[in-house]
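S.K.: Before I ask anything, here is the structure I am working with.
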Amino acid sequence: MSDDPFEAIKATFFQECEELLADLEGNLLTLESGSTDIEVINAVFRAVHSVKGGAGAFGLEDLVRFAHVFETLMDELRSGRKPCDDPTVKTLLRASDVLADHVAAARGAGAAVDPVRSAGLVAELEALTYGGAAPVAAAAPDEDDFGFTPVAMDLGAFEAPGGLPDLADLPPLPDLAALAPLSAPAPLSDPGPLPDLSAPAAARGWKIVFRPHPRLYASANETGLLLRELARLGPTRVQMDDSGLPLLDALEPTDSHLIWTIELDGDASETEVREVFDFVEMDCDLSVTPLGDAATVEAALAAVADEDDSDASALARAASSELDIAALLASVGAAPTQAPAPVAAAPVIASAPEPVAPPPPVKPAPAPAASSPPAAAPVTIRVDLERVDRLINAVGELVIQQAMLAQRVTESGLARSSDIGLGLEDLELLTREIQDSVMAIRAQPVKSVFQRMPRLVREAAEATGKKVKLVTSGEDTEVDKTVIERLSDPITHMLRNAIDHGLEGPEERLAAGKPAEGTVRLAALHRSGRIVIEISDDGKGINRPRVKGIAVERGLIAEDAILSDDEIDNLIFLPGFSTATEVSDLSGRGVGMDVVRRSIQSLGGRISISSVPGKGSTFTLSLPLTLAVLDGMVVGAADQTLVAPMAAIVESLTPNEADIHYVGGVDPVLRFREAFVPLVDVAQVMGFRDDPTVLKGGVVMIVETESGQRAALLVDAIHGQRQVVIKSLESNYRHVEGVAAATILGDGRVALILDIDALVTAKRSRTPSRSDLQMAS
């Protein structure tokens with residue numbers, strides 16, 4: 001990692017961009033579903049504005065320009081000047097893709113953005129924003145009306161052929177003191193009673209003095225948008241002080257000379273006011289003070305003004321303008337109307353506090369009495385995943401060392417009630433607490449994967465010409481981050497397969513009595529200590545005769561092979577198998593489902609299919625919740641030490657010979673709670689010995705598979721419950737049927753972790769046929 005702090009900040013910005021883009025796409029999909037919630041539109045605007053603000057700070061001009069056009073359209077939508085209709089949302093969805101490409105290109109993680117595609121989207125966004133007119137002419141006259149009147153400068157004197165005139169030739173400015181007698185009020189129509197300024201001020205609000213720096217505009221921020229945001233918090237009165245503007249020949253276009261004074265009425269808190277300036281706080285001078293608190297205003301102005309005396313005086317003039325006007329009105333109201341005010345009274349105007357009662361003190365950031373305090377946002381930190389992985393590995397080694405230490409103490413003959421034994425129990429509890437806490441750090445909801453799928457479904461539906469609705473559930477189901485990172489590709493393959501092969505076209509669905517729009521469901525849930533991902537559709541299901549015919553045609557199976565429905569369904573996982581008649585962007589190359597199966601198996605999981613012709617298909621992925629640590633039951637089978645996951649064990653018992661029965665005299669079953677469950681001899685199925693285990697003296701564990709079916713595992717002995725560290729057997733050796741992973745025991749030996757479902761399935765696959773059972777009987 002680079003030691004440059006700027007690069008570290010930039011890396012953090014791109015990490016935030018990932019989250020912002022994910023929220024952006026999710027909210028746009030919410031709008032596509034028909035929602036018109038203004039909060040959703042505001043969330044989209046904030047996401048684009050945040051990306052633009054950060055990009056401007058790092059000088060990413062291409063990203064800033066595109067985000068600015070995107071942001072402008074979103075501002076039109078949230079202000080209600082433009083309806084959020086379906087064509088607009090579809091354009092915004094495509095624009096979010098281009099925005100993500102710009103972010104990836106700026107990060108260096110993707111190819112350069114296609115300028116033709118980007119320019120085309122910019123043209124579409126501007127056409128939607130301005131209704132096809134030129135951007136300059138599209139702004140309504142009152143769109144940027146923030147309460148101030150622009151002053152027109154007469155530049156006719158500077159248009160002489162001789163260039164700029166000599167300043168000495170200009171006429172002198174009039175003497176303001178000489179004009180003082182002219183300030184007597186002329187006879188006017190009665191304007192009505194003047195406001196009673198002697199009454200205590202009851203205004204609630206804030207006085208904001210804002211002086212932008214040149215780098216604020218260099219970062220593609222705009223004063224107009226900031227003033228518009230303030231106007232959303234309540235009524236505003238805006239004054240612009242342009243006294244700092246130099247003469248035209250000394251004007252630098254990149255400098256900033258204007259100072260803005262905004263009076264905001266209403267109950268907005270100081271925090272809400274300052275949030276408007278979040279992205280420009282470092283690029284401006286800013287003061288936020290309660291209305292009416294003149295002393296606080298002056299103190300804040302002194303703190304905001306920089307070392308330049310001229311700037312400080314300009315800020316003071318901007319802030320004190322209302323005080324002078326109030327004093328002037330008060331003096332006019334108190335003076336006799338029949339005589340003009342003398343010139344000597346001018347100083348009295350500036351010091352006329354007598355008629356004006358002092359305003360009551362206003363506390364900073366007043367909170368509305370009726371509202372409850374907002375809940376504090378959770379404090380989070382960003383940590384590299386590599387550091388978390390190292391912590392996980394260290395906790396795994398701690399678990400192993402604790403198990404070794406406990407075994408050494410047990411072998412030494414020390415009683416469990418001894419001080420060492422009690423200390424070991426405390427160490428075991430502490431180790432488990434540390435392990436649970438560390439695993440909670442890595443646990444993340446599958447929402448991050450599910451959020452990417454609506455876009456994929458939309459693109460696949462457009463490519464196939466089908467109408468598809470995606471329904472998701474269980475997005476908050478948590479699983480280890482390592483598992484989440486490797487779920488995206490398998491789910492992507494299966495969703496595209498469901499749309500391309502599972503769902504029918506609109507006409508075919510209508511002919512079959514189904515709605516024209518097909519439904520694909522994506523669900524996540526916990527079951528038997530594992531996470532289960534289900535992808536289902538309401539399409540035509542698997543055409544088993546056609547699948548078998550294609551497999552025979554491609555030489556994947558023998559022509560006279562006799563296969564069950566489940567075996568035919570699983571043919572689609574064979575390498576090179578495809579039911580597509582032609583190669584398209586989605587399918588037809590025979591690559592996909594076999595990759596899915598290998599990816600799931602590499603995670604210690606499995607995939608199964610359930611299909612009903614004419615009704616649809618369901619693909620079920622079963623994965624471990626974590627790839628680090630699990631609770632297991634240590635058992636012995638044929639002098640081998642094995643570990644069975646505790647989540648799958650329902651009960652353990654010593655069987656009676658009277659409870660053992662044989663189906664057809666071949667396959668044993670166990671009578672358990674008025675039901676019969678298949679009896680699986682673990683040592684024999686695993687190949688540790690050929691002869692079956694002697695039931696007398698054996699132990700049976702009743703287990704439940706992921707499909708809810710029960711079976712009885714017969715082992716020689718149970719050695720106890722233990723927390724074990726999972727070590728991948730496939731990455732260090734190879735895949736072994738019936739084995740999910742391996743672990744290291746307290747004595748240093750390697751033990752295999754059983755795959756319960758695979759053991760039960762292996763036992764069923766060895767079940768003799770009906771003819772064999774008849775012959776055996």
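The way I read the labels, and the way they are meant: chains A, B, ... in the order of the structure tokens, residue 1 as the first residue of every chain, and ligand 1 as the first ligand shown, with later ones counted on from there.
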If we count only C-alpha atoms, what is near region 567-575 of chain A at a cut-off of 12 Å, once residues fewer than 2 positions away on the same chain are taken out, given as a PyMOL selection string?

M.R.: chain A and resi 493-494+497+501+541-552+554-557+561-565+577-580+589-600+606-613+617-619+765

S.K.: With only C-alpha atoms as the basis for distance, which of A:Val399, A:Leu522, A:Leu422, A:Leu21 is at the shortest distance from Val724 (chain A)?

M.R.: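 Nearest candidate to Val724 (chain A) out of A:Val399, A:Leu522, A:Leu422, A:Leu21: A:Val399.
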
S.K.: Could you tell me how far CA of Met404 (chain A) sits from CA of Val750 (chain A), in Å to one decimal place?

M.R.: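 Between CA of Val750 (chain A) and CA of Met404 (chain A) the gap works out to 12.8 Å.
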
S.K.: Excluding Ala637 (chain A) and any residue of its chain fewer than 3 positions from it, enumerate the residues within 12 Å of it, using only C-alpha atoms, and give them as a ChimeraX atom specification.

M.R.: /A:634,640-644,681-689,692-694,698-700,713-719,751-752,754

S.K.: List the spatial neighbours of Tyr217 (chain A) as a short mmCIF file (atom, residue, chain, number, x, y, z; two decimals) with N, CA, C and O atoms, in the first residue's frame - criterion: any atom at most 12 Å away, only C-alpha atoms, same-chain residues fewer than 4 positions off excluded.

M.R.:
data_model
loop_
_atom_site.label_atom_id
_atom_site.label_comp_id
_atom_site.auth_asym_id
_atom_site.auth_seq_id
_atom_site.Cartn_x
_atom_site.Cartn_y
_atom_site.Cartn_z
N GLY A 53 -18.89 15.45 -6.19
CA GLY A 53 -18.10 16.26 -5.28
C GLY A 53 -16.74 15.67 -5.01
O GLY A 53 -15.72 16.36 -5.03
N GLY A 56 -14.52 15.91 -8.13
CA GLY A 56 -13.99 17.25 -8.34
C GLY A 56 -12.80 17.54 -7.46
O GLY A 56 -11.86 18.23 -7.86
N ALA A 57 -12.81 17.00 -6.24
CA ALA A 57 -11.69 17.22 -5.33
C ALA A 57 -10.41 16.58 -5.86
O ALA A 57 -9.30 17.05 -5.56
N GLY A 59 -9.82 16.12 -9.17
CA GLY A 59 -9.55 16.56 -10.53
C GLY A 59 -9.93 15.57 -11.61
O GLY A 59 -9.33 15.56 -12.69
N ARG A 211 -18.55 32.85 1.80
CA ARG A 211 -17.60 33.42 0.85
C ARG A 211 -16.84 32.29 0.17
O ARG A 211 -15.99 31.64 0.78
N PRO A 212 -17.15 31.96 -1.08
CA PRO A 212 -16.47 30.85 -1.76
C PRO A 212 -15.03 31.20 -2.09
O PRO A 212 -14.68 32.36 -2.35
N HIS A 213 -14.19 30.16 -2.09
CA HIS A 213 -12.82 30.29 -2.55
C HIS A 213 -12.76 29.89 -4.02
O HIS A 213 -13.64 29.16 -4.51
N ASN A 221 -18.31 22.71 -8.20
CA ASN A 221 -19.44 23.05 -7.34
C ASN A 221 -20.00 24.40 -7.77
O ASN A 221 -19.30 25.22 -8.37
N GLU A 222 -21.24 24.63 -7.40
CA GLU A 222 -21.93 25.83 -7.84
C GLU A 222 -22.61 26.50 -6.65
O GLU A 222 -23.26 25.83 -5.84
N THR A 223 -22.46 27.81 -6.56
CA THR A 223 -23.14 28.56 -5.50
C THR A 223 -24.65 28.46 -5.64
O THR A 223 -25.37 28.37 -4.65
N GLY A 224 -25.13 28.45 -6.88
CA GLY A 224 -26.57 28.40 -7.09
C GLY A 224 -27.22 27.17 -6.48
O GLY A 224 -28.29 27.25 -5.87
N LEU A 225 -26.58 26.01 -6.62
CA LEU A 225 -27.14 24.79 -6.05
C LEU A 225 -27.14 24.84 -4.53
O LEU A 225 -28.06 24.34 -3.87
N PRO A 253 -10.71 35.70 -14.17
CA PRO A 253 -11.94 34.88 -14.23
C PRO A 253 -11.97 33.76 -13.21
O PRO A 253 -13.05 33.33 -12.81
N THR A 254 -10.81 33.27 -12.78
CA THR A 254 -10.79 32.14 -11.86
C THR A 254 -10.85 32.55 -10.40
O THR A 254 -10.89 31.69 -9.51
N ASP A 255 -10.80 33.87 -10.12
CA ASP A 255 -10.86 34.32 -8.74
C ASP A 255 -12.31 34.38 -8.25
O ASP A 255 -13.26 34.32 -9.04
N SER A 256 -12.44 34.51 -6.95
CA SER A 256 -13.77 34.60 -6.34
C SER A 256 -13.81 35.88 -5.51
O SER A 256 -12.98 36.07 -4.61
N PHE A 279 -19.74 19.38 1.25
CA PHE A 279 -18.73 19.09 0.23
C PHE A 279 -17.87 20.32 -0.11
O PHE A 279 -16.92 20.19 -0.87
N VAL A 280 -18.22 21.47 0.42
CA VAL A 280 -17.45 22.68 0.09
C VAL A 280 -16.93 23.36 1.34
O VAL A 280 -16.43 24.48 1.27
N ASP A 283 -13.57 24.67 1.14
CA ASP A 283 -13.33 25.56 0.00
C ASP A 283 -14.07 26.89 0.14
O ASP A 283 -14.41 27.53 -0.86
N CYS A 284 -14.35 27.30 1.36
CA CYS A 284 -15.07 28.55 1.55
C CYS A 284 -14.87 29.04 2.97
O CYS A 284 -14.41 28.31 3.84
#
